[in-house]
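One structure is given here, and the rest of the page talks about it.
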Amino acid sequence: MIRLNNIHKSYEMGSSSLHVLKGIDLHIEQGDFVSIMGSSGSGKSTLLNILGMLDNYDNGSYHLSGNLIANMSEKKAAKLRNELVGFVFQSFNLISFKNAMENVALPLYYKGVPRKKRNLIAMEYLEKLGLKEWANHMPNEMSGGQKQRVAIARALISKPKIILADEPTGALDSANSYEVMDILREINDDGITVIIVTHEHDIAAMTSQIIRLNDGRIHEIIRNGELKKFQKSYIHGLETA
Amino acid sequence: MFDIDIWQEILATIKKNKMRTFLTGFSVAWGIFMLMILLGSGNGLSNGVAANFMNDAVNAMWIWTGETTIPYQGMKSGRPIQFHNEDQEIVKKVSGVGVSSGRYFMGNTRYSYNKESGEYTTITCHPELKEVENLIIKEGRFINKIDILQKRKVVVLGTDIKQALFKDSTALGEYVNINNVPFKVVGISTEPGSTRNRNAFMPVSTAQMIFSGSNRLHNLALTINAETLEESQAIEDQIRNSLARQHKFDPKDEGAIGLYNKLENYIQTMKIFQAIKIFIWIIGIGTLIAGIVGVSNIMLIVVKERTKEIGIRKAIGASPSSVIGLIMLESILITTIAGYIGLVLGTGLMELINYFMVQSAGATPDQGESIFMNPTVDFNIAVASTLLLIIAGAIAGYIPAKRAASIKPIVALRDE
């Protein structure tokens with residue numbers, strides 16, 4: 001599904017350059033539920049952006065469902081994003097002058113689905129996420145949790161193979177955070193690969209695989225069986241703090 | 001592409017920024033408004049001057065006599081030249097000459113009818129003079145060929161003469177005494193662009209028989225058929241050469257005969273107006289460009305403000321071309337609507353001016369000189385201007401749209 005091979009990425013910061021990713025090798029299977037952790041500056045958001053084809057890498061190779069993602073035209077990248085990937089952002093990134101239904105329907109617009117049909121589908125997804133009554137509300141009339149659920153509906157509507165979520169709970173309180181994580185788990189249960197970036201241990205602990213980044217390299221990968229151990233060390237971390 | 005969504009999106013952004021949209025639109029509307037006013041005024045001036053030319057046939061030519069100024073074939077200078085009937089025949093044969101008429105003026109001829117009398121100028125001529133001078137026949141007819149052949153004693157009176165002698169009674173068919181010789185009135189005429197119609201017209205053959213008793217002519221009036229300045233000058237030279245041969249003077253002698261070629265003047269004047277028109281277009285388009293730059297500038301700000309939105313769109317699958325379409329269509333929409341308003345206001349104002357000018361001209365629009373006439377912009381130019389606007393809108397939108405499309409989604413999403 002996702003195969004990263006020795007990915008390097010650096011940013012030009014004026015005269016100097018900042019080497020953010022220093023050789024990432026990663027293999028994620030279809031249906032995995034993965035979280036990427038790491039301190040700020042460890043390159044976790046950069047990695048997610050590269051996975052989502054929002055950013056390009058300097059060296060190495062990236063295969064997504066059998067396609068080599070390199071030197072693509074913007075048009076092709078846009079098409080692949082539309083077909084394969086759904087994004088969920090920390091700041092929701094809803095379009096402010098469109099109501100919930102229109103926001104959800106937007107990816108289908110770029111797929112060329114007729115207006116009536118895509119609004120109908122958008123309503124279905126909003127219903128699934130319990131937001132049917134909010135369909136005609138503008139984003140600024142909704143709470144953070146509601147906005148994030150609209151964003152998830154928007155990510156799901158194009159039936160992607162992967163959901164990429166950058167700090168999806170970062171702007172939410174814990175009740176809403178857990179609700180969003182439950183939704184993401186349900187999505188994962190339907191066979192969609194979910195990858196989230198987070199710095200919260202309790203959120204990461206809800207996933208089935210944790211990738212810890214440190215200074216642009218993969219520090220450790222904690223798989224399902226080892227999660228208990230992780231939780232223990234996390235609680236231990238809390239106690240000492 | 002022409003989906004209702006795209007228009008809804010554009011309208012939504014316009015609605016959110018009413019003031020900005022208004023100011024942008026205003027600059028374009030002003031540009032096209034000025035262009036229309038300038039073009040309308042230019043047309044008005046050009047039409048007015050062209051109409052003044054129409055007082056006589058635009059291709060009219062008049063030839064009169066003088067004295068030689070260059071000694072020629074042993075003859076001294078200062079020799080007077082006199083036209084006769086055969087000169088008209090000579091000129092008629094020159095290729096490129098249309099119609100021609102000889103003229104013999106009789107100043108201060110006494111006209112009387114019953115108790116009324118007055119002195120007027122009599123122009124003796126051929127029937128063709130009517131065409132050369134665009135004479136308007138109000139009643140009856142002008143002099144015809146049979147009048148010339150049979151030397152009929154007939155006369156065409158100017159409206160002022162008719163008014164003075166006959167008041168409101170009918171003049172046609174009546175006899176007036178001209179220097180005590182009775183002439184039958186066959187027509188009443190006016191001269192275009194003139195407020196005084198105090199000339200009477202009489203067959204040249206009759207007049208020569210009754211009054212002067214010879215075959216002398218004062219001058220020749222004719223029309224020429226030429227399209228260009230060169231053709232017209234060639235005909236002029238030919239006429240001059242033929243007459244020089246007949247009267248034995250140097251063809252280069254400007255004093256022997258005088259010649260006024262109206263067509264030459266007309267062509268030159270129209271050339272000046274063409275230059276003025278080009279100048280007006282340059283100014284107008286310059287004004288319009290200022291408007292376009294304004295729109296382009298605003299659209300750049302719009303793109304900057306919408307960076308994040310564009311990033312979101314790209315993240316969920318918008319292709320660069322769809323982003324370009326979004327920005328360009330907005331720009332085209334603003335310029336087209338604003339430009340159209342300017343177009344309507346500009347042409348409307350010119351139509352209004354035209355309306356009041358027609359009103360104030362009153363019942364006799366063919367009388368009197370006017371330098372300004374029909375100051376309207378024709379339909380083709382209005383269509384061309386509209387097209388120009390749409391192109392302008394596209395240009396104004398292109399650079400901002402290109403920039404919008406090149407924004408990397410990741411950069412756009414980071415933008416707060």
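Residues in the structure tokens are numbered from 1 in each chain, the chains being A, B, ... in the order shown, and ligands are numbered from 1 in the order shown.
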
Contacts of Arg185 (chain A) at 9 Å (only C-alpha atoms; same-chain gap of 4+ positions) as a ChimeraX atom specification
/A:33,180-181,189-190,194,206-207

At most 10 Å is the cut-off: for each residue in chain A with any atom that close to an atom of chain B, write down the nearest atom pair and the distance in Å rounded to one decimal, counting only C-alpha atoms, chain first then increasing number, as a tab-separated table.
residue	atom	partner	partner_atom	distance
A:Thr46	CA	B:Ile410	CA	9.4
A:Asn49	CA	B:Ile410	CA	7.2
A:Ile50	CA	B:Ile410	CA	9.6
A:Gly52	CA	B:Ala315	CA	8.4
A:Met53	CA	B:Ala315	CA	8.6
A:Leu54	CA	B:Ile410	CA	5.4
A:Asp55	CA	B:Ile410	CA	6.2
A:Asn56	CA	B:Ile410	CA	9.8
A:Ser73	CA	B:Pro320	CA	9.8
A:Glu74	CA	B:Pro320	CA	6.7
A:Lys75	CA	B:Ser319	CA	5.0
A:Lys76	CA	B:Ser319	CA	8.1
A:Ala77	CA	B:Gly317	CA	8.1
A:Ala78	CA	B:Gly317	CA	4.5
A:Lys79	CA	B:Gly317	CA	5.7
A:Leu80	CA	B:Gly317	CA	7.6
A:Arg81	CA	B:Gly317	CA	5.6
A:Asn82	CA	B:Gly317	CA	4.3
A:Glu83	CA	B:Gly317	CA	8.0
A:Leu84	CA	B:Gly317	CA	10.0
A:Val85	CA	B:Ile316	CA	8.1
A:Gly86	CA	B:Ile316	CA	7.1
A:Phe87	CA	B:Ile316	CA	7.4
A:Phe89	CA	B:Leu413	CA	9.4
A:Ser91	CA	B:Leu413	CA	9.5
A:Phe92	CA	B:Ile312	CA	9.9
A:Asn93	CA	B:Ile312	CA	6.5
A:Leu94	CA	B:Ile312	CA	7.7
A:Ile95	CA	B:Glu309	CA	6.2
A:Ser96	CA	B:Glu309	CA	8.6
A:Phe97	CA	B:Ala12	CA	7.0
A:Lys98	CA	B:Glu9	CA	8.6
A:Glu102	CA	B:Asp5	CA	9.9
A:Leu106	CA	B:Ile316	CA	7.9
A:Pro107	CA	B:Ile316	CA	5.6
A:Leu108	CA	B:Gly317	CA	9.1
A:Tyr109	CA	B:Asp5	CA	8.6
A:Tyr110	CA	B:Ala318	CA	5.9
A:Lys111	CA	B:Gly317	CA	8.0
A:Gly112	CA	B:Met1	CA	9.8
A:Pro114	CA	B:Asp3	CA	9.2
A:Arg115	CA	B:Asp5	CA	8.0
A:Arg154	CA	B:Ile316	CA	8.7
A:Ala155	CA	B:Ile316	CA	7.9
A:Ser158	CA	B:Ile316	CA	9.1

Tell me, as an mmCIF file with C-alpha atoms, in the first residue's frame, which residues lie within 12 Å of region 266-283 of chain B, counting only C-alpha atoms; anything in the same chain fewer than 4 positions away does not count.
data_model
loop_
_atom_site.group_PDB
_atom_site.id
_atom_site.type_symbol
_atom_site.label_atom_id
_atom_site.label_comp_id
_atom_site.auth_asym_id
_atom_site.auth_seq_id
_atom_site.Cartn_x
_atom_site.Cartn_y
_atom_site.Cartn_z
ATOM 1 C CA GLY B 31 -12.343 53.496 -18.845
ATOM 2 C CA ILE B 32 -14.960 52.250 -21.263
ATOM 3 C CA MET B 34 -14.386 57.618 -21.518
ATOM 4 C CA LEU B 35 -13.662 55.553 -24.619
ATOM 5 C CA MET B 36 -17.298 55.804 -25.676
ATOM 6 C CA ILE B 37 -17.456 59.575 -25.024
ATOM 7 C CA LEU B 38 -14.254 60.139 -26.973
ATOM 8 C CA LEU B 39 -15.297 57.940 -29.874
ATOM 9 C CA GLY B 40 -18.769 59.478 -29.937
ATOM 10 C CA SER B 41 -17.372 63.018 -29.983
ATOM 11 C CA GLY B 42 -14.892 62.055 -32.679
ATOM 12 C CA ASN B 43 -17.683 60.574 -34.771
ATOM 13 C CA GLY B 44 -19.844 63.620 -34.169
ATOM 14 C CA LEU B 45 -17.117 65.969 -35.336
ATOM 15 C CA SER B 46 -16.326 63.794 -38.330
ATOM 16 C CA ASN B 47 -19.997 63.428 -39.277
ATOM 17 C CA GLY B 48 -20.558 67.149 -38.913
ATOM 18 C CA VAL B 49 -17.663 68.070 -41.178
ATOM 19 C CA ALA B 50 -18.604 65.356 -43.676
ATOM 20 C CA ALA B 51 -22.157 66.723 -43.754
ATOM 21 C CA ASN B 52 -20.835 70.196 -44.508
ATOM 22 C CA PHE B 53 -18.978 68.730 -47.463
ATOM 23 C CA MET B 54 -22.262 67.252 -48.650
ATOM 24 C CA ASP B 56 -22.157 70.218 -52.761
ATOM 25 C CA ALA B 57 -21.242 66.915 -54.341
ATOM 26 C CA VAL B 58 -18.062 65.773 -52.550
ATOM 27 C CA ASN B 59 -16.462 65.147 -55.941
ATOM 28 C CA ALA B 60 -17.307 68.594 -57.300
ATOM 29 C CA MET B 61 -14.790 70.712 -59.182
ATOM 30 C CA ALA B 226 -11.943 59.244 -58.474
ATOM 31 C CA GLU B 227 -11.331 57.124 -55.420
ATOM 32 C CA THR B 228 -7.910 58.318 -54.356
ATOM 33 C CA LEU B 229 -6.012 61.546 -54.118
ATOM 34 C CA GLU B 230 -3.711 60.424 -56.961
ATOM 35 C CA GLU B 231 -6.580 59.641 -59.334
ATOM 36 C CA SER B 232 -8.244 62.939 -58.569
ATOM 37 C CA GLN B 233 -5.015 64.853 -59.203
ATOM 38 C CA TYR B 260 -10.959 74.102 -56.981
ATOM 39 C CA ASN B 261 -11.003 70.346 -56.502
ATOM 40 C CA LYS B 262 -13.329 69.530 -53.646
ATOM 41 C CA THR B 287 -7.702 54.761 -20.014
ATOM 42 C CA LEU B 288 -8.983 51.229 -20.292
ATOM 43 C CA ILE B 289 -5.554 49.768 -19.568
ATOM 44 C CA ALA B 290 -5.442 51.780 -16.344
ATOM 45 C CA VAL B 377 -20.856 55.121 -31.653
ATOM 46 C CA ILE B 381 -17.604 49.447 -32.323
ATOM 47 C CA SER B 385 -15.460 47.242 -27.220
#

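Excluding Gly41 (chain A) and any residue on its chain fewer than 6 positions from it, the residues at most 12 Å away by only C-alpha atoms are Leu18, His19, Val20, Leu21, Leu47, His199, Leu213, Asn214, Asp215, Gly216 and Arg217 of chain A.
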
Go ahead and save the residues from that selection, with N, CA and C atoms, as a short mmCIF file (atom, residue, chain, number, x, y, z; two decimals), in the first residue's frame.
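Writing the result to selection_18.cif gives the following:
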data_model
loop_
_atom_site.label_atom_id
_atom_site.label_comp_id
_atom_site.auth_asym_id
_atom_site.auth_seq_id
_atom_site.Cartn_x
_atom_site.Cartn_y
_atom_site.Cartn_z
N LEU A 18 17.56 23.17 6.03
CA LEU A 18 17.18 22.40 7.21
C LEU A 18 16.83 20.98 6.77
N HIS A 19 17.62 20.03 7.22
CA HIS A 19 17.41 18.64 6.83
C HIS A 19 16.36 18.03 7.76
N VAL A 20 15.14 17.86 7.25
CA VAL A 20 14.04 17.46 8.14
C VAL A 20 13.91 15.94 8.19
N LEU A 21 13.87 15.30 7.06
CA LEU A 21 13.77 13.83 7.03
C LEU A 21 15.11 13.27 6.55
N LEU A 47 6.43 14.34 7.01
CA LEU A 47 6.24 12.97 6.52
C LEU A 47 4.80 12.78 6.04
N HIS A 199 0.74 14.31 18.98
CA HIS A 199 1.77 14.30 20.03
C HIS A 199 1.14 13.87 21.35
N LEU A 213 9.07 9.19 15.64
CA LEU A 213 10.13 9.85 14.90
C LEU A 213 10.98 10.62 15.88
N ASN A 214 12.26 10.63 15.58
CA ASN A 214 13.15 11.44 16.38
C ASN A 214 14.22 12.01 15.46
N ASP A 215 14.26 13.33 15.37
CA ASP A 215 15.28 14.01 14.59
C ASP A 215 15.35 13.50 13.14
N GLY A 216 14.18 13.35 12.51
CA GLY A 216 14.15 12.99 11.10
C GLY A 216 14.37 11.52 10.80
N ARG A 217 14.45 10.72 11.83
CA ARG A 217 14.61 9.28 11.59
C ARG A 217 13.55 8.53 12.40
#

List every residue of region 3-239 of chain A that DSSP, applied to the backbone, labels as alpha helix (DSSP H), and write the result as a PyMOL selection string.
chain A and resi 44-51+74-84+100-111+115-128+144-157+174-189+201-204+227-239
